[in-house]
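Beneath this line is the structure, given in structure tokens, with notes to follow.
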Amino acid sequence: MDAVWLGVLILVSGVSAWSGALAVREAREAPPAELTAAEKRSIYRRGSVMLWVLAAGTLVWWGFAGRDWASLGLAAPRWTWPAAGAALALIVWLAADTARQTAPSRISGTRERWRTQNPYIPVSGTEFRSYTVLALSAGICEEIVYRGFMIAVLGAWFGPGWEGAALAVGLPALFFGAAHSAQGWRGVVGAAAGALAWGFVVIETGSLWPGVVCHVGWDLFMGWLGFRFLRPSGTER
């Protein structure tokens, strides 16, 4: 029966991949108009709701099956929080280092690329505060779906050994990367690479929480980059 919910999740990933790739192609043919703050906040709300629906469905499915929550990766080993805190500190350092070293010419090129590939990036304080909800939702819900449910189910199907672990981690990473196709090929490759790294962390530790903390931190970092560097002059802080 796990195949039914797994199929639903794969279908949602496929629809996201198709619509994202179509949006990128259309943006290359005719650059879209800048999104308004209201349009961005609507995207953040709709994205958050969709993610929580998928995560809630996954948790309900798991609960009705009578499974241990720890097997979904929701247990936290004693060292989880120090490790997650260290990773989060690294992200904060990267943010500070980026702010110090980014040149104006590079900002200009990034602004144009993000305008077509990441048009929903916040560029004002109001947008960033709304974006924070999406970052938290993605960090929690996507880890439950892709690194929790998918890895647990596929790991049981493929069995022990490195081959089974590679498939259990690799397939969800492909689905996760494809779901980020709206960000262009860089977004797909980056998302898949991150999914591979944190997937093996889940395999080794049995916990989603280091990935949740770092996922939220990374998404907030990327939103902060838009707010910090891509804010047009005169935009509210």
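Ligands are numbered from 1 in the order shown, residues from 1 within each chain, and chains are lettered A, B, ... in the order they appear in the structure tokens.
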
Non-local contacts of Gln183 of chain A (6 Å; only C-alpha atoms; under 2 positions in same chain excluded) as a PyMOL selection string: chain A and resi 117-118+180-181+187

field: Selection near Ala179 of chain A, 12 Å with only C-alpha atoms, sequence-local residues under 6 positions removed, as a PyMOL selection string
entry: chain A and resi 9-21+142+146+172-173+185+187-192+195

Hey, can you spit out that residue selection with N, CA and C atoms as a JSON list (two decimals), in the first residue's frame?
[["chain", "number", "residue", "atom", "x", "y", "z"],
["A", 9, "LEU", "N", 3.16, 11.14, -4.34],
["A", 9, "LEU", "CA", 4.27, 12.08, -4.14],
["A", 9, "LEU", "C", 5.11, 12.22, -5.41],
["A", 10, "ILE", "N", 5.33, 11.12, -6.10],
["A", 10, "ILE", "CA", 6.10, 11.18, -7.36],
["A", 10, "ILE", "C", 5.32, 11.97, -8.41],
["A", 11, "LEU", "N", 4.00, 11.77, -8.45],
["A", 11, "LEU", "CA", 3.17, 12.51, -9.40],
["A", 11, "LEU", "C", 3.24, 14.01, -9.14],
["A", 12, "VAL", "N", 3.16, 14.40, -7.87],
["A", 12, "VAL", "CA", 3.26, 15.83, -7.53],
["A", 12, "VAL", "C", 4.62, 16.37, -7.94],
["A", 13, "SER", "N", 5.69, 15.59, -7.70],
["A", 13, "SER", "CA", 7.02, 16.02, -8.13],
["A", 13, "SER", "C", 7.10, 16.18, -9.63],
["A", 14, "GLY", "N", 6.48, 15.24, -10.36],
["A", 14, "GLY", "CA", 6.48, 15.30, -11.81],
["A", 14, "GLY", "C", 5.74, 16.52, -12.34],
["A", 15, "VAL", "N", 4.60, 16.82, -11.74],
["A", 15, "VAL", "CA", 3.84, 18.00, -12.16],
["A", 15, "VAL", "C", 4.65, 19.27, -11.89],
["A", 16, "SER", "N", 5.31, 19.32, -10.73],
["A", 16, "SER", "CA", 6.15, 20.48, -10.41],
["A", 16, "SER", "C", 7.29, 20.61, -11.40],
["A", 17, "ALA", "N", 7.89, 19.46, -11.77],
["A", 17, "ALA", "CA", 9.00, 19.49, -12.73],
["A", 17, "ALA", "C", 8.53, 19.98, -14.09],
["A", 18, "TRP", "N", 7.39, 19.49, -14.54],
["A", 18, "TRP", "CA", 6.87, 19.88, -15.85],
["A", 18, "TRP", "C", 6.51, 21.36, -15.88],
["A", 19, "SER", "N", 5.77, 21.82, -14.89],
["A", 19, "SER", "CA", 5.36, 23.22, -14.86],
["A", 19, "SER", "C", 6.56, 24.15, -14.69],
["A", 20, "GLY", "N", 7.54, 23.72, -13.89],
["A", 20, "GLY", "CA", 8.74, 24.53, -13.70],
["A", 20, "GLY", "C", 9.55, 24.65, -14.97],
["A", 21, "ALA", "N", 9.74, 23.53, -15.67],
["A", 21, "ALA", "CA", 10.49, 23.56, -16.93],
["A", 21, "ALA", "C", 9.78, 24.42, -17.96],
["A", 142, "GLU", "N", 9.45, 19.10, 3.23],
["A", 142, "GLU", "CA", 10.19, 18.36, 2.20],
["A", 142, "GLU", "C", 11.10, 17.31, 2.81],
["A", 146, "TYR", "N", 10.61, 13.65, 1.35],
["A", 146, "TYR", "CA", 11.67, 13.11, 0.51],
["A", 146, "TYR", "C", 12.74, 12.34, 1.29],
["A", 172, "PRO", "N", 14.86, 9.38, -4.51],
["A", 172, "PRO", "CA", 14.23, 10.60, -3.98],
["A", 172, "PRO", "C", 15.00, 11.87, -4.33],
["A", 173, "ALA", "N", 16.33, 11.76, -4.41],
["A", 173, "ALA", "CA", 17.12, 12.94, -4.79],
["A", 173, "ALA", "C", 16.79, 13.39, -6.21],
["A", 185, "TRP", "N", 18.54, 24.69, -14.55],
["A", 185, "TRP", "CA", 19.36, 23.50, -14.33],
["A", 185, "TRP", "C", 20.26, 23.62, -13.11],
["A", 187, "GLY", "N", 19.43, 25.04, -10.31],
["A", 187, "GLY", "CA", 18.58, 24.70, -9.18],
["A", 187, "GLY", "C", 18.35, 23.21, -9.07],
["A", 188, "VAL", "N", 18.15, 22.55, -10.21],
["A", 188, "VAL", "CA", 17.92, 21.10, -10.22],
["A", 188, "VAL", "C", 19.15, 20.37, -9.68],
["A", 189, "VAL", "N", 20.33, 20.72, -10.21],
["A", 189, "VAL", "CA", 21.56, 20.05, -9.79],
["A", 189, "VAL", "C", 21.85, 20.33, -8.32],
["A", 190, "GLY", "N", 21.70, 21.58, -7.89],
["A", 190, "GLY", "CA", 21.96, 21.92, -6.50],
["A", 190, "GLY", "C", 21.02, 21.22, -5.54],
["A", 191, "ALA", "N", 19.73, 21.18, -5.89],
["A", 191, "ALA", "CA", 18.76, 20.52, -5.03],
["A", 191, "ALA", "C", 19.02, 19.02, -4.96],
["A", 192, "ALA", "N", 19.34, 18.40, -6.09],
["A", 192, "ALA", "CA", 19.62, 16.97, -6.09],
["A", 192, "ALA", "C", 20.88, 16.64, -5.30],
["A", 195, "ALA", "N", 20.09, 16.90, -1.69],
["A", 195, "ALA", "CA", 19.25, 15.76, -1.30],
["A", 195, "ALA", "C", 20.09, 14.50, -1.12]]

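The shortest atom-to-atom distance to Ala55 of chain A, with only C-alpha atoms taken into account, belongs to A:Ile140 out of A:Val153, A:Ile140, A:Val201, A:Val213.
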
task: For Asp219 of chain A, please output as a PyMOL selection string all residues within 9 Å (counting only C-alpha atoms; exclusion window: fewer than 5 positions along the same chain).
output: chain A and resi 132+134-136+138-139+214+224

Next, the residues of the selection above should be written as a short mmCIF file (atom, residue, chain, number, x, y, z; two decimals), in the first residue's frame with N, CA, C and O atoms.
data_model
loop_
_atom_site.label_atom_id
_atom_site.label_comp_id
_atom_site.auth_asym_id
_atom_site.auth_seq_id
_atom_site.Cartn_x
_atom_site.Cartn_y
_atom_site.Cartn_z
N THR A 132 9.73 33.81 4.86
CA THR A 132 10.19 33.00 5.98
C THR A 132 9.26 31.83 6.26
O THR A 132 9.71 30.72 6.59
N LEU A 134 7.45 30.23 4.07
CA LEU A 134 7.72 29.23 3.04
C LEU A 134 9.01 28.47 3.32
O LEU A 134 9.08 27.25 3.14
N ALA A 135 10.05 29.18 3.76
CA ALA A 135 11.33 28.53 4.06
C ALA A 135 11.16 27.50 5.18
O ALA A 135 11.70 26.39 5.11
N LEU A 136 10.43 27.86 6.23
CA LEU A 136 10.18 26.92 7.32
C LEU A 136 9.36 25.73 6.84
O LEU A 136 9.65 24.58 7.19
N ALA A 138 9.13 24.50 3.76
CA ALA A 138 9.92 23.65 2.88
C ALA A 138 10.93 22.82 3.68
O ALA A 138 11.10 21.62 3.44
N GLY A 139 11.60 23.46 4.63
CA GLY A 139 12.60 22.75 5.42
C GLY A 139 12.03 21.60 6.21
O GLY A 139 12.67 20.54 6.36
N CYS A 214 19.26 22.57 8.60
CA CYS A 214 20.11 23.13 7.55
C CYS A 214 19.29 23.52 6.32
O CYS A 214 19.63 24.49 5.63
N TRP A 224 17.53 35.72 1.95
CA TRP A 224 18.25 36.90 2.45
C TRP A 224 19.15 37.48 1.36
O TRP A 224 19.29 38.71 1.27
#

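Among A:Gly7, A:Gly125, A:Gly161, A:Gly148, the residue with the shortest atom-to-atom distance to Ala70 of chain A, counting only C-alpha atoms, is A:Gly148.
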
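Distances here use only C-alpha atoms; by that measure, the residue among A:Ala75, A:Val123, A:Cys141, A:Ala166 closest to Val49 of chain A is A:Cys141.
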
What lies within 12 Å of Val8 of chain A using only C-alpha atoms, ignoring chain neighbours under 4 positions off, as a tab-separated table (two decimals) with N, CA and C atoms, in the first residue's frame?
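See out.tsv below for the written result:
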chain	number	residue	atom	x	y	z
A	1	MET	N	0.81	-1.21	0.00
A	1	MET	CA	0.00	0.00	0.00
A	1	MET	C	0.85	1.27	0.00
A	2	ASP	N	2.10	1.15	0.49
A	2	ASP	CA	2.96	2.33	0.47
A	2	ASP	C	3.16	2.85	-0.96
A	3	ALA	N	3.03	1.93	-1.94
A	3	ALA	CA	3.22	2.33	-3.33
A	3	ALA	C	2.20	3.39	-3.75
A	4	VAL	N	1.00	3.36	-3.15
A	4	VAL	CA	-0.03	4.31	-3.53
A	4	VAL	C	0.39	5.73	-3.16
A	12	VAL	N	3.16	14.40	-7.87
A	12	VAL	CA	3.26	15.83	-7.53
A	12	VAL	C	4.62	16.37	-7.94
A	13	SER	N	5.69	15.59	-7.70
A	13	SER	CA	7.02	16.02	-8.13
A	13	SER	C	7.10	16.18	-9.63
A	14	GLY	N	6.48	15.24	-10.36
A	14	GLY	CA	6.48	15.30	-11.81
A	14	GLY	C	5.74	16.52	-12.34
A	15	VAL	N	4.60	16.82	-11.74
A	15	VAL	CA	3.84	18.00	-12.16
A	15	VAL	C	4.65	19.27	-11.89
A	54	LEU	N	1.02	17.84	1.82
A	54	LEU	CA	1.79	16.63	1.51
A	54	LEU	C	2.41	16.03	2.77
A	57	GLY	N	-0.38	14.52	4.93
A	57	GLY	CA	-0.82	13.26	4.34
A	57	GLY	C	0.17	12.13	4.61
A	58	THR	N	1.46	12.47	4.54
A	58	THR	CA	2.49	11.47	4.81
A	58	THR	C	2.43	11.00	6.27
A	61	TRP	N	-0.67	8.85	6.79
A	61	TRP	CA	-0.44	7.52	6.20
A	61	TRP	C	0.44	6.68	7.11
A	145	VAL	N	8.85	14.32	3.60
A	145	VAL	CA	8.40	13.60	2.40
A	145	VAL	C	9.55	12.90	1.70
A	150	MET	N	10.08	8.65	1.70
A	150	MET	CA	10.61	7.98	0.50
A	150	MET	C	11.80	7.09	0.81

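When only C-alpha atoms are used to compute distances to Pro210 of chain A, the closest of the residues A:Glu29, A:Phe176, A:Gly73, A:Leu51 turns out to be A:Gly73.
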
Tell me which protein, DNA and RNA residues are within 12 Å of Leu35 of chain A, counting only C-alpha atoms, leaving out same-chain ones fewer than 5 positions away, and put them as a PDB file with all heavy atoms, in the first residue's frame.
ATOM      1  N   LYS A  40       3.948  37.704  -4.934  1.00  0.00           N
ATOM      2  CA  LYS A  40       4.939  36.878  -4.246  1.00  0.00           C
ATOM      3  C   LYS A  40       4.365  36.294  -2.964  1.00  0.00           C
ATOM      4  O   LYS A  40       4.546  35.104  -2.667  1.00  0.00           O
ATOM      5  CB  LYS A  40       6.190  37.693  -3.935  1.00  0.00           C
ATOM      6  CG  LYS A  40       7.024  38.032  -5.162  1.00  0.00           C
ATOM      7  CD  LYS A  40       8.280  38.781  -4.769  1.00  0.00           C
ATOM      8  CE  LYS A  40       9.086  39.176  -5.984  1.00  0.00           C
ATOM      9  NZ  LYS A  40      10.325  39.906  -5.630  1.00  0.00           N
ATOM     10  N   ARG A  41       3.664  37.120  -2.198  1.00  0.00           N
ATOM     11  CA  ARG A  41       3.082  36.607  -0.951  1.00  0.00           C
ATOM     12  C   ARG A  41       2.058  35.516  -1.241  1.00  0.00           C
ATOM     13  O   ARG A  41       1.948  34.542  -0.482  1.00  0.00           O
ATOM     14  CB  ARG A  41       2.453  37.753  -0.157  1.00  0.00           C
ATOM     15  CG  ARG A  41       3.465  38.695   0.462  1.00  0.00           C
ATOM     16  CD  ARG A  41       2.825  39.573   1.532  1.00  0.00           C
ATOM     17  NE  ARG A  41       1.810  40.451   0.966  1.00  0.00           N
ATOM     18  CZ  ARG A  41       2.060  41.675   0.505  1.00  0.00           C
ATOM     19  NH1 ARG A  41       3.298  42.157   0.536  1.00  0.00           N
ATOM     20  NH2 ARG A  41       1.093  42.438   0.030  1.00  0.00           N
ATOM     21  N   SER A  42       1.339  35.633  -2.334  1.00  0.00           N
ATOM     22  CA  SER A  42       0.392  34.594  -2.725  1.00  0.00           C
ATOM     23  C   SER A  42       1.122  33.296  -3.059  1.00  0.00           C
ATOM     24  O   SER A  42       0.682  32.207  -2.673  1.00  0.00           O
ATOM     25  CB  SER A  42      -0.430  35.065  -3.935  1.00  0.00           C
ATOM     26  OG  SER A  42      -1.303  34.049  -4.374  1.00  0.00           O
ATOM     27  N   ILE A  43       2.245  33.412  -3.764  1.00  0.00           N
ATOM     28  CA  ILE A  43       3.054  32.225  -4.077  1.00  0.00           C
ATOM     29  C   ILE A  43       3.561  31.574  -2.796  1.00  0.00           C
ATOM     30  O   ILE A  43       3.530  30.348  -2.650  1.00  0.00           O
ATOM     31  CB  ILE A  43       4.227  32.613  -4.995  1.00  0.00           C
ATOM     32  CG1 ILE A  43       3.706  32.991  -6.384  1.00  0.00           C
ATOM     33  CG2 ILE A  43       5.232  31.470  -5.105  1.00  0.00           C
ATOM     34  CD1 ILE A  43       4.768  33.550  -7.303  1.00  0.00           C
ATOM     35  N   ARG A 115      15.885  37.035 -11.930  1.00  0.00           N
ATOM     36  CA  ARG A 115      14.621  37.618 -12.377  1.00  0.00           C
ATOM     37  C   ARG A 115      13.837  36.623 -13.211  1.00  0.00           C
ATOM     38  O   ARG A 115      12.609  36.578 -13.163  1.00  0.00           O
ATOM     39  CB  ARG A 115      14.895  38.881 -13.182  1.00  0.00           C
ATOM     40  CG  ARG A 115      13.628  39.560 -13.708  1.00  0.00           C
ATOM     41  CD  ARG A 115      13.959  40.874 -14.377  1.00  0.00           C
ATOM     42  NE  ARG A 115      12.771  41.469 -14.976  1.00  0.00           N
ATOM     43  CZ  ARG A 115      12.390  41.263 -16.226  1.00  0.00           C
ATOM     44  NH1 ARG A 115      13.097  40.464 -16.999  1.00  0.00           N
ATOM     45  NH2 ARG A 115      11.300  41.830 -16.702  1.00  0.00           N
ATOM     46  N   THR A 116      14.544  35.779 -14.001  1.00  0.00           N
ATOM     47  CA  THR A 116      13.866  34.804 -14.840  1.00  0.00           C
ATOM     48  C   THR A 116      13.763  33.440 -14.172  1.00  0.00           C
ATOM     49  O   THR A 116      12.773  32.738 -14.350  1.00  0.00           O
ATOM     50  CB  THR A 116      14.606  34.640 -16.180  1.00  0.00           C
ATOM     51  OG1 THR A 116      15.973  34.272 -15.929  1.00  0.00           O
ATOM     52  CG2 THR A 116      14.583  35.940 -16.958  1.00  0.00           C
ATOM     53  N   ASN A 118      14.316  32.711 -10.626  1.00  0.00           N
ATOM     54  CA  ASN A 118      13.769  32.758  -9.274  1.00  0.00           C
ATOM     55  C   ASN A 118      12.987  34.053  -9.072  1.00  0.00           C
ATOM     56  O   ASN A 118      13.341  34.875  -8.230  1.00  0.00           O
ATOM     57  CB  ASN A 118      14.889  32.669  -8.217  1.00  0.00           C
ATOM     58  CG  ASN A 118      15.645  31.366  -8.288  1.00  0.00           C
ATOM     59  OD1 ASN A 118      15.092  30.347  -8.648  1.00  0.00           O
ATOM     60  ND2 ASN A 118      16.915  31.411  -7.950  1.00  0.00           N
ATOM     61  N   PRO A 119      11.929  34.262  -9.843  1.00  0.00           N
ATOM     62  CA  PRO A 119      11.231  35.548  -9.774  1.00  0.00           C
ATOM     63  C   PRO A 119      10.521  35.793  -8.453  1.00  0.00           C
ATOM     64  O   PRO A 119      10.104  36.914  -8.173  1.00  0.00           O
ATOM     65  CB  PRO A 119      10.209  35.452 -10.922  1.00  0.00           C
ATOM     66  CG  PRO A 119       9.979  33.980 -11.090  1.00  0.00           C
ATOM     67  CD  PRO A 119      11.313  33.343 -10.806  1.00  0.00           C
ATOM     68  N   TYR A 120      10.386  34.748  -7.643  1.00  0.00           N
ATOM     69  CA  TYR A 120       9.674  34.880  -6.370  1.00  0.00           C
ATOM     70  C   TYR A 120      10.600  35.232  -5.210  1.00  0.00           C
ATOM     71  O   TYR A 120      10.162  35.311  -4.058  1.00  0.00           O
ATOM     72  CB  TYR A 120       8.929  33.582  -6.045  1.00  0.00           C
ATOM     73  CG  TYR A 120       9.789  32.353  -6.130  1.00  0.00           C
ATOM     74  CD1 TYR A 120      10.605  31.967  -5.067  1.00  0.00           C
ATOM     75  CD2 TYR A 120       9.809  31.581  -7.275  1.00  0.00           C
ATOM     76  CE1 TYR A 120      11.409  30.857  -5.152  1.00  0.00           C
ATOM     77  CE2 TYR A 120      10.612  30.454  -7.367  1.00  0.00           C
ATOM     78  CZ  TYR A 120      11.405  30.089  -6.310  1.00  0.00           C
ATOM     79  OH  TYR A 120      12.216  28.999  -6.403  1.00  0.00           O
ATOM     80  N   ILE A 121      11.909  35.425  -5.470  1.00  0.00           N
ATOM     81  CA  ILE A 121      12.843  35.772  -4.401  1.00  0.00           C
ATOM     82  C   ILE A 121      12.432  37.107  -3.778  1.00  0.00           C
ATOM     83  O   ILE A 121      12.131  38.062  -4.486  1.00  0.00           O
ATOM     84  CB  ILE A 121      14.278  35.870  -4.958  1.00  0.00           C
ATOM     85  CG1 ILE A 121      14.815  34.472  -5.268  1.00  0.00           C
ATOM     86  CG2 ILE A 121      15.211  36.575  -3.994  1.00  0.00           C
ATOM     87  CD1 ILE A 121      15.037  33.601  -4.046  1.00  0.00           C
ATOM     88  N   PRO A 122      12.400  37.200  -2.449  1.00  0.00           N
ATOM     89  CA  PRO A 122      11.986  38.456  -1.812  1.00  0.00           C
ATOM     90  C   PRO A 122      13.024  39.558  -2.006  1.00  0.00           C
ATOM     91  O   PRO A 122      14.226  39.304  -1.950  1.00  0.00           O
ATOM     92  CB  PRO A 122      11.865  38.074  -0.337  1.00  0.00           C
ATOM     93  CG  PRO A 122      12.798  36.919  -0.169  1.00  0.00           C
ATOM     94  CD  PRO A 122      12.736  36.157  -1.460  1.00  0.00           C
ATOM     95  N   VAL A 123      12.538  40.781  -2.228  1.00  0.00           N
ATOM     96  CA  VAL A 123      13.439  41.917  -2.387  1.00  0.00           C
ATOM     97  C   VAL A 123      13.059  43.071  -1.463  1.00  0.00           C
ATOM     98  O   VAL A 123      13.529  44.190  -1.643  1.00  0.00           O
ATOM     99  CB  VAL A 123      13.474  42.409  -3.860  1.00  0.00           C
ATOM    100  CG1 VAL A 123      14.061  41.355  -4.778  1.00  0.00           C
ATOM    101  CG2 VAL A 123      12.076  42.807  -4.330  1.00  0.00           C
ATOM    102  N   GLU A 127       8.317  41.264   1.990  1.00  0.00           N
ATOM    103  CA  GLU A 127       8.366  40.010   1.240  1.00  0.00           C
ATOM    104  C   GLU A 127       9.197  38.964   1.968  1.00  0.00           C
ATOM    105  O   GLU A 127       8.821  37.785   2.006  1.00  0.00           O
ATOM    106  CB  GLU A 127       8.953  40.267  -0.151  1.00  0.00           C
ATOM    107  CG  GLU A 127       8.053  41.097  -1.054  1.00  0.00           C
ATOM    108  CD  GLU A 127       8.688  41.417  -2.384  1.00  0.00           C
ATOM    109  OE1 GLU A 127       9.778  40.872  -2.678  1.00  0.00           O
ATOM    110  OE2 GLU A 127       8.106  42.223  -3.132  1.00  0.00           O
TER     111      GLU A 127
END

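Taking atom CA of Ser137 of chain A and atom CA of Phe149 of chain A as the two end points, the separation is 16.4 Å.
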
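Across A:Ala165, A:Val212, A:Leu72, A:Ala23, the tightest approach to Ala152 of chain A is made by A:Leu72 when counting only C-alpha atoms.
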